[in-house]
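First comes the structure, then the notes that go with it.
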There are 2 protein chains.
Amino acid sequence: MKQNIYDNPTFFEKYSSLRNSGVTYNDFVEQPAIKSLISSLKGKSVLDLGCGDGRFAKYCIDNVATNVVGVDISSKMIEQAQVENMHENIKYLCMPIEDLDLPNEKYDLIISSLAIHYIEDYPALLKKVYALLHNKGEFIFSMEHPIVTARKEMNNWVKDDDGNRLHWALDDYHEEGKREQQWYINGVIKYHRSVSTLINGLIEAGFTIEKIIEPQSIPVGIQQMPKIINEKRRPSFIVFKAKLR
Amino acid sequence: MKQNIYDNPTFFEKYSSLRNSGVTYNDFVEQPAIKSLISSLKGKSVLDLGCGDGRFAKYCIDNVATNVVGVDISSKMIEQAQVENMHENIKYLCMPIEDLDLPNEKYDLIISSLAIHYIEDYPALLKKVYALLHNKGEFIFSMEHPIVTARKEMNNWVKDDDGNRLHWALDDYHEEGKREQQWYINGVIKYHRSVSTLINGLIEAGFTIEKIIEPQSIPVGIQQMPKIINEKRRPSFIVFKAKLR
């Protein structure tokens, strides 16, 4: 069963309003890290897995990528992409990443921003990505950090009576699998995997690890969103750059 | 200033007595992981950085390595190695790993077991290891996991009033550098580095990442040392296998 929280009206509204504010962890932490790993988009064909409202697809075209295919499970997201980020060289597909079947296509760069923690079968995904990449093609993806997805009970800061963060509570690191969270709505399902599972999976699938980022905020984020300084205390995200061997 | 806690008589006595018990995290968690990463020792020349009492050097010879050089900062450790694990094809050198200077030597395999978290300058160490490896040579090393070295205040389980472990307290993840701990004696200095720093350092130094293990206990450990089950909740160690590109 593939999860489609983004088509839940309550979730969609709250998520869209957050993303459109421009004051998010995506803007200040995750997107700068992903973008820093892209050597060049010029002349590249790009596949964006979990493209959401298409803003990254548009970013690729603005940076002279040749063509972009964006895939998302959410029809609401794809509708929004087709309104806000349409371009003749962008094609949007509304389907689960897991069902993607493009037997005759190859890309120079496959990107996925904060989607892979929703995918249950990581090795199957990597096999698919591998088959869709040109020789020396790159796979760059971000996801929630295993440090933040590990604990089953609740992923959280332990605070004192005044609300000061004392430390991050970590547990259940090696119990991989489903984690149910509340994020705007109840029952958001993510899949926890250890750092070693993520890395060894890539290597076993035929990739070489090029770089890993556990991103902190860019300076403007600390001004506009003071609590983002806590990314220094425990990383929310991990970003991988891997290359076809 | 290179740290030499193993020549402190109190530390040495307690550490030796622990290691000789055969009931340790080394025996059940760390050593099985390191050994699982070694494809073969047959006909190999091996350099062991932080060789301690030489038991791993001896293990290499027992598994038909051609020759082993063991290096350790502690004269007490090297004395013990020369008594207990002497062999015509093992040479022990008493010096800090940081001062190692073997300009005309090359090895097939460089091993380091739980020593690299004592080294301040990680890139300099990697440069040295790189220069000492034959083409396609392997570097396999274990160290304390960043999850356990991160927090400055105290690395610990948070427990309830009955002593039950509630969760692991994590903090200060991105503040790399010195951590002072108590381990038999006061003032044991270790250096915390993030997972991404450890991995990117290897890649920048010219290595390819082959595999990473965040080890749990082998089954016998859980019988003989019940608390070792907690390695499932947060890993104490991380083990890397890297190859010269």
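Ligands are numbered from 1 in the order shown, chains are lettered A, B, ... in the order of the structure tokens, and residues start at 1 in each chain.
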Q: Could you please tell me, as a list of chain:residue names, which residues of chain B have an atom within 6 Å of chain A when using only C-alpha atoms?
A: B:His167, B:Trp168, B:Ala169, B:Leu170, B:Asp171, B:Asp172, B:Tyr173, B:His174, B:Ser196, B:Asn200, B:Lys211, B:Ile212, B:Ile213, B:Lys232, B:Arg233, B:Arg234
**Q.** Near-Ala205 of chain A list (12 Å; only C-alpha atoms; drop same-chain fewer than 5 positions) as number ranges by chain
**A.** A: 122-131, 139, 197-200, 242-245; B: 210
Q) Taking the backbone alone, and naming residues the way the document does, which bits of segment 43-243 of chain A are strand (DSSP E) by DSSP, as a VMD selection string? A) chain A and resid 45 to 49 67 to 72 90 to 94 107 to 113 133 to 144 157 to 159 165 to 170 177 to 183 185 to 192 207 to 213 237 to 243
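Residues lying within 8 Å of segment 5-16 of chain A, counting only C-alpha atoms and ignoring same-chain neighbours fewer than 6 positions away, are A:Ser74, A:Ser75, A:Lys76, A:Met77, A:Tyr184, A:Ile185, A:Val188.
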The selected residues should be written to file as an mmCIF file, in the first residue's frame (atoms: C-alpha atoms).
data_model
loop_
_atom_site.group_PDB
_atom_site.id
_atom_site.type_symbol
_atom_site.label_atom_id
_atom_site.label_comp_id
_atom_site.auth_asym_id
_atom_site.auth_seq_id
_atom_site.Cartn_x
_atom_site.Cartn_y
_atom_site.Cartn_z
ATOM 1 C CA SER A 74 -0.349 13.078 -5.198
ATOM 2 C CA SER A 75 -2.799 14.320 -7.842
ATOM 3 C CA LYS A 76 -3.177 17.560 -5.881
ATOM 4 C CA MET A 77 0.562 18.133 -6.083
ATOM 5 C CA TYR A 184 -0.492 17.773 10.529
ATOM 6 C CA ILE A 185 -2.550 14.575 10.384
ATOM 7 C CA VAL A 188 1.905 9.478 8.599
#
Q) What does the distance between atom CA of Trp183 of chain B and atom CA of Ile218 of chain B come to in Å, to one decimal place? A)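 Computing it gives 24.2 Å between the two atoms.
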Q: Run DSSP on the backbone and grab whatever in segment 76-203 of chain A lands in alpha helix (DSSP H); send it over as an MDAnalysis selection string.
A: chainID A and resid 76:84 122:132 146:149 195:203
Q) By how many Å are atom CA of Asp108 of chain B and atom CA of Gln3 of chain B apart? A) 27.7 Å
Q: Name all residues at most 9 Å from Val83 of chain B (count only C-alpha atoms; drop same-chain ones fewer than 4 positions away) and give them as a ChimeraX atom specification.
A: /B:53,78-79
Q.
Neighbouring residues of Asp121 of chain A were defined as those with any atom within 12 Å, considering only C-alpha atoms; residues of the same chain fewer than 6 positions away were excluded. Please report them as a PyMOL selection string.
A. chain A and resi 1-2+97-99+127-128+176-178+190-193+198+201
May I have the selected residues written with C-alpha atoms, as a tab-separated table (two decimals), in the first residue's frame?
chain	number	residue	atom	x	y	z
A	1	MET	CA	0.00	0.00	0.00
A	2	LYS	CA	1.64	3.23	-1.11
A	97	ILE	CA	7.48	6.16	-7.34
A	98	GLU	CA	7.28	2.41	-6.71
A	99	ASP	CA	5.13	1.91	-9.84
A	127	LYS	CA	17.47	-1.20	-8.56
A	128	LYS	CA	14.95	0.96	-10.42
A	176	GLU	CA	14.26	-0.85	11.01
A	177	GLY	CA	10.84	-0.50	9.49
A	178	LYS	CA	7.61	1.38	9.88
A	190	LYS	CA	7.76	6.61	7.39
A	191	TYR	CA	10.36	3.86	7.18
A	192	HIS	CA	13.39	3.96	9.43
A	193	ARG	CA	16.69	2.55	8.19
A	198	LEU	CA	21.32	3.24	3.48
A	201	GLY	CA	22.26	-0.60	-0.08
